[in-house]
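Working notes, structure below.
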Amino acid sequence: PDKEEMIAAMRGQFGEDALRQALEQITGFYPESAVKPEDRWTSEKLVSTGFPMKVVDNYTLRSRKNGVASIEISSVITSSPDSEGVQMGPVRIFYDIAGSHSGLIEVDESTGLPVRSEIDMSLSGTVKASGVPDEEPQSWPIRAEGRVVVTFEKLEDVEP
């Protein structure tokens with residue numbers, strides 16, 4: 001049974017849905033229609049890989065200069081309300097968290113792909129674990145803060 005749970009966990013983190021969500025995070029900032037500087041738009045998504053959460057992103061196109069669009073992002077993050085938690089062997093772990101992230105995404109207008117993003121993140125809440133044989137459910141506080149900087153480089157005429 002542990003082997004099957006491990007395989008299921010790996011598929012959850014690295015399978016088709018996880019890949020789709022990773023690609024959505026890279027390109028999920030696109031608005032539904034054309035925008036001009038200072039226009040705003042919002043997107044909402046449920047993330048199921050890692051620990052399930054709901055993310056509401058608010059975007060503002062700040063500028064368009066030299067073929068680069070600068071998009072400001074401000075997000076509200078909460079635990080997914082219908083989460084069944086994460087099963088790790090006999091233990092089921094639930095996260096009750098809330099937080100935010102904010103920053104800037106720079107997008108190459110000719111390709112539509114991001115070239116740089118810098119995002120500050122802050123999360124806090126409680127982790128709850130149950131299912132340990134002969135033990136009561138336990139909980140403890142959790143807090144995470146950090147900055148994520150991603151830079152994409154365009155490779156010119158790469159031969160396969």
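Every chain in the structure tokens takes a letter, A first, then B, and so on in the order presented; its residues are numbered from 1, and the ligands are numbered from 1 following the presented order.
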- Could you pull out all residues of range 79-127 of chain A with a DSSP call of strand (DSSP E or B) and give them as a ChimeraX atom specification? /A:79,86-88,91-108,114-127
I need the residues from that last selection saved to file as a short mmCIF file (atom, residue, chain, number, x, y, z; two decimals), in the first residue's frame (with N, CA, C and O atoms), if you can.
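Produced file again_32.cif, reproduced below:
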```cif
data_model
loop_
_atom_site.label_atom_id
_atom_site.label_comp_id
_atom_site.auth_asym_id
_atom_site.auth_seq_id
_atom_site.Cartn_x
_atom_site.Cartn_y
_atom_site.Cartn_z
N SER A 79 -5.95 28.58 1.60
CA SER A 79 -6.08 27.13 1.47
C SER A 79 -7.34 26.83 0.68
O SER A 79 -8.34 27.52 0.82
N VAL A 86 -3.25 16.14 2.21
CA VAL A 86 -2.23 15.36 1.50
C VAL A 86 -1.97 14.10 2.31
O VAL A 86 -1.69 14.18 3.51
N GLN A 87 -2.07 12.95 1.67
CA GLN A 87 -1.83 11.67 2.35
C GLN A 87 -0.36 11.31 2.23
O GLN A 87 0.19 11.28 1.13
N MET A 88 0.29 11.06 3.36
CA MET A 88 1.70 10.64 3.39
C MET A 88 1.78 9.41 4.27
O MET A 88 1.86 9.52 5.49
N VAL A 91 -0.42 9.08 7.48
CA VAL A 91 -0.70 10.43 7.98
C VAL A 91 -1.37 11.28 6.90
O VAL A 91 -0.95 11.28 5.75
N ARG A 92 -2.43 11.98 7.30
CA ARG A 92 -3.08 12.94 6.41
C ARG A 92 -2.76 14.32 6.96
O ARG A 92 -2.96 14.60 8.12
N ILE A 93 -2.26 15.20 6.06
CA ILE A 93 -1.84 16.54 6.46
C ILE A 93 -2.74 17.57 5.79
O ILE A 93 -2.97 17.51 4.58
N PHE A 94 -3.24 18.51 6.59
CA PHE A 94 -4.06 19.61 6.11
C PHE A 94 -3.33 20.92 6.37
O PHE A 94 -2.66 21.06 7.39
N TYR A 95 -3.48 21.85 5.46
CA TYR A 95 -2.90 23.17 5.62
C TYR A 95 -4.03 24.19 5.69
O TYR A 95 -4.90 24.19 4.83
N ASP A 96 -4.02 25.02 6.70
CA ASP A 96 -4.95 26.13 6.81
C ASP A 96 -4.09 27.39 6.76
O ASP A 96 -3.57 27.83 7.78
N ILE A 97 -3.89 27.91 5.55
CA ILE A 97 -2.96 29.03 5.37
C ILE A 97 -3.62 30.17 4.62
O ILE A 97 -4.63 29.99 3.94
N ALA A 98 -3.02 31.31 4.75
CA ALA A 98 -3.43 32.49 4.00
C ALA A 98 -2.18 33.32 3.76
O ALA A 98 -1.21 33.24 4.53
N GLY A 99 -2.20 34.10 2.72
CA GLY A 99 -1.05 34.95 2.46
C GLY A 99 -1.20 35.72 1.18
O GLY A 99 -2.30 35.86 0.63
N SER A 100 -0.07 36.21 0.70
CA SER A 100 -0.09 37.02 -0.50
C SER A 100 1.24 36.92 -1.23
O SER A 100 2.23 36.46 -0.65
N HIS A 101 1.23 37.32 -2.47
CA HIS A 101 2.48 37.57 -3.17
C HIS A 101 2.27 38.77 -4.09
O HIS A 101 1.16 39.08 -4.50
N SER A 102 3.38 39.46 -4.34
CA SER A 102 3.30 40.65 -5.18
C SER A 102 4.64 40.84 -5.87
O SER A 102 5.67 40.38 -5.39
N GLY A 103 4.60 41.52 -7.01
CA GLY A 103 5.84 41.75 -7.72
C GLY A 103 5.59 42.21 -9.14
O GLY A 103 4.55 42.78 -9.46
N LEU A 104 6.58 41.93 -9.98
CA LEU A 104 6.56 42.40 -11.36
C LEU A 104 6.95 41.27 -12.30
O LEU A 104 7.88 40.52 -12.02
N ILE A 105 6.23 41.18 -13.42
CA ILE A 105 6.53 40.21 -14.48
C ILE A 105 6.85 41.00 -15.73
O ILE A 105 6.06 41.87 -16.13
N GLU A 106 7.98 40.73 -16.37
CA GLU A 106 8.34 41.38 -17.62
C GLU A 106 8.16 40.37 -18.75
O GLU A 106 8.66 39.24 -18.66
N VAL A 107 7.45 40.78 -19.78
CA VAL A 107 7.07 39.88 -20.87
C VAL A 107 7.60 40.40 -22.19
O VAL A 107 7.44 41.58 -22.53
N ASP A 108 8.26 39.52 -22.96
CA ASP A 108 8.72 39.85 -24.31
C ASP A 108 7.47 39.91 -25.20
O ASP A 108 6.79 38.92 -25.40
N PRO A 114 7.38 35.28 -20.65
CA PRO A 114 8.05 36.10 -19.63
C PRO A 114 9.57 36.04 -19.82
O PRO A 114 10.11 35.02 -20.23
N VAL A 115 10.24 37.16 -19.54
CA VAL A 115 11.70 37.19 -19.58
C VAL A 115 12.28 37.34 -18.18
O VAL A 115 13.41 36.97 -17.93
N ARG A 116 11.48 37.89 -17.26
CA ARG A 116 11.93 38.04 -15.88
C ARG A 116 10.71 38.25 -14.99
O ARG A 116 9.76 38.93 -15.36
N SER A 117 10.76 37.65 -13.82
CA SER A 117 9.74 37.93 -12.82
C SER A 117 10.42 37.99 -11.46
O SER A 117 11.40 37.29 -11.20
N GLU A 118 9.90 38.85 -10.62
CA GLU A 118 10.40 39.00 -9.26
C GLU A 118 9.18 39.12 -8.36
O GLU A 118 8.43 40.10 -8.44
N ILE A 119 8.98 38.11 -7.53
CA ILE A 119 7.77 38.01 -6.71
C ILE A 119 8.14 37.84 -5.24
O ILE A 119 8.93 36.96 -4.89
N ASP A 120 7.57 38.68 -4.38
CA ASP A 120 7.71 38.54 -2.93
C ASP A 120 6.50 37.79 -2.41
O ASP A 120 5.36 38.06 -2.82
N MET A 121 6.73 36.84 -1.50
CA MET A 121 5.66 35.98 -1.00
C MET A 121 5.66 35.97 0.52
O MET A 121 6.71 36.01 1.15
N SER A 122 4.46 35.88 1.10
CA SER A 122 4.32 35.74 2.54
C SER A 122 3.10 34.86 2.82
O SER A 122 2.01 35.15 2.32
N LEU A 123 3.30 33.78 3.55
CA LEU A 123 2.23 32.85 3.92
C LEU A 123 2.32 32.54 5.41
O LEU A 123 3.42 32.44 5.95
N SER A 124 1.18 32.34 6.05
CA SER A 124 1.19 31.89 7.44
C SER A 124 -0.11 31.14 7.72
O SER A 124 -1.09 31.29 7.01
N GLY A 125 -0.08 30.32 8.74
CA GLY A 125 -1.26 29.55 9.10
C GLY A 125 -0.91 28.38 9.99
O GLY A 125 0.03 28.45 10.79
N THR A 126 -1.65 27.30 9.81
CA THR A 126 -1.52 26.12 10.67
C THR A 126 -1.46 24.86 9.83
O THR A 126 -2.17 24.73 8.83
N VAL A 127 -0.60 23.93 10.25
CA VAL A 127 -0.54 22.60 9.67
C VAL A 127 -1.21 21.66 10.65
O VAL A 127 -0.95 21.73 11.86
#
```
- Task: Kindly indicate which residue among A:Ser75, A:Thr151, A:Ser139, A:Ser110 lies nearest to Glu44 in chain A, using only C-alpha atoms for the distances.
- Result: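 Of the candidates, the smallest distance to Glu44 in chain A is held by A:Ser75.
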- Query: Between A:Pro90, A:Val35, A:Glu109, A:Arg62, which has the minimum distance to Gly131 in chain A (counting only C-alpha atoms)?
  - Reply: A:Pro90
- So how far away is CA of Lys128 in chain A from CA of Pro141 in chain A, in Å? 9.0 Å
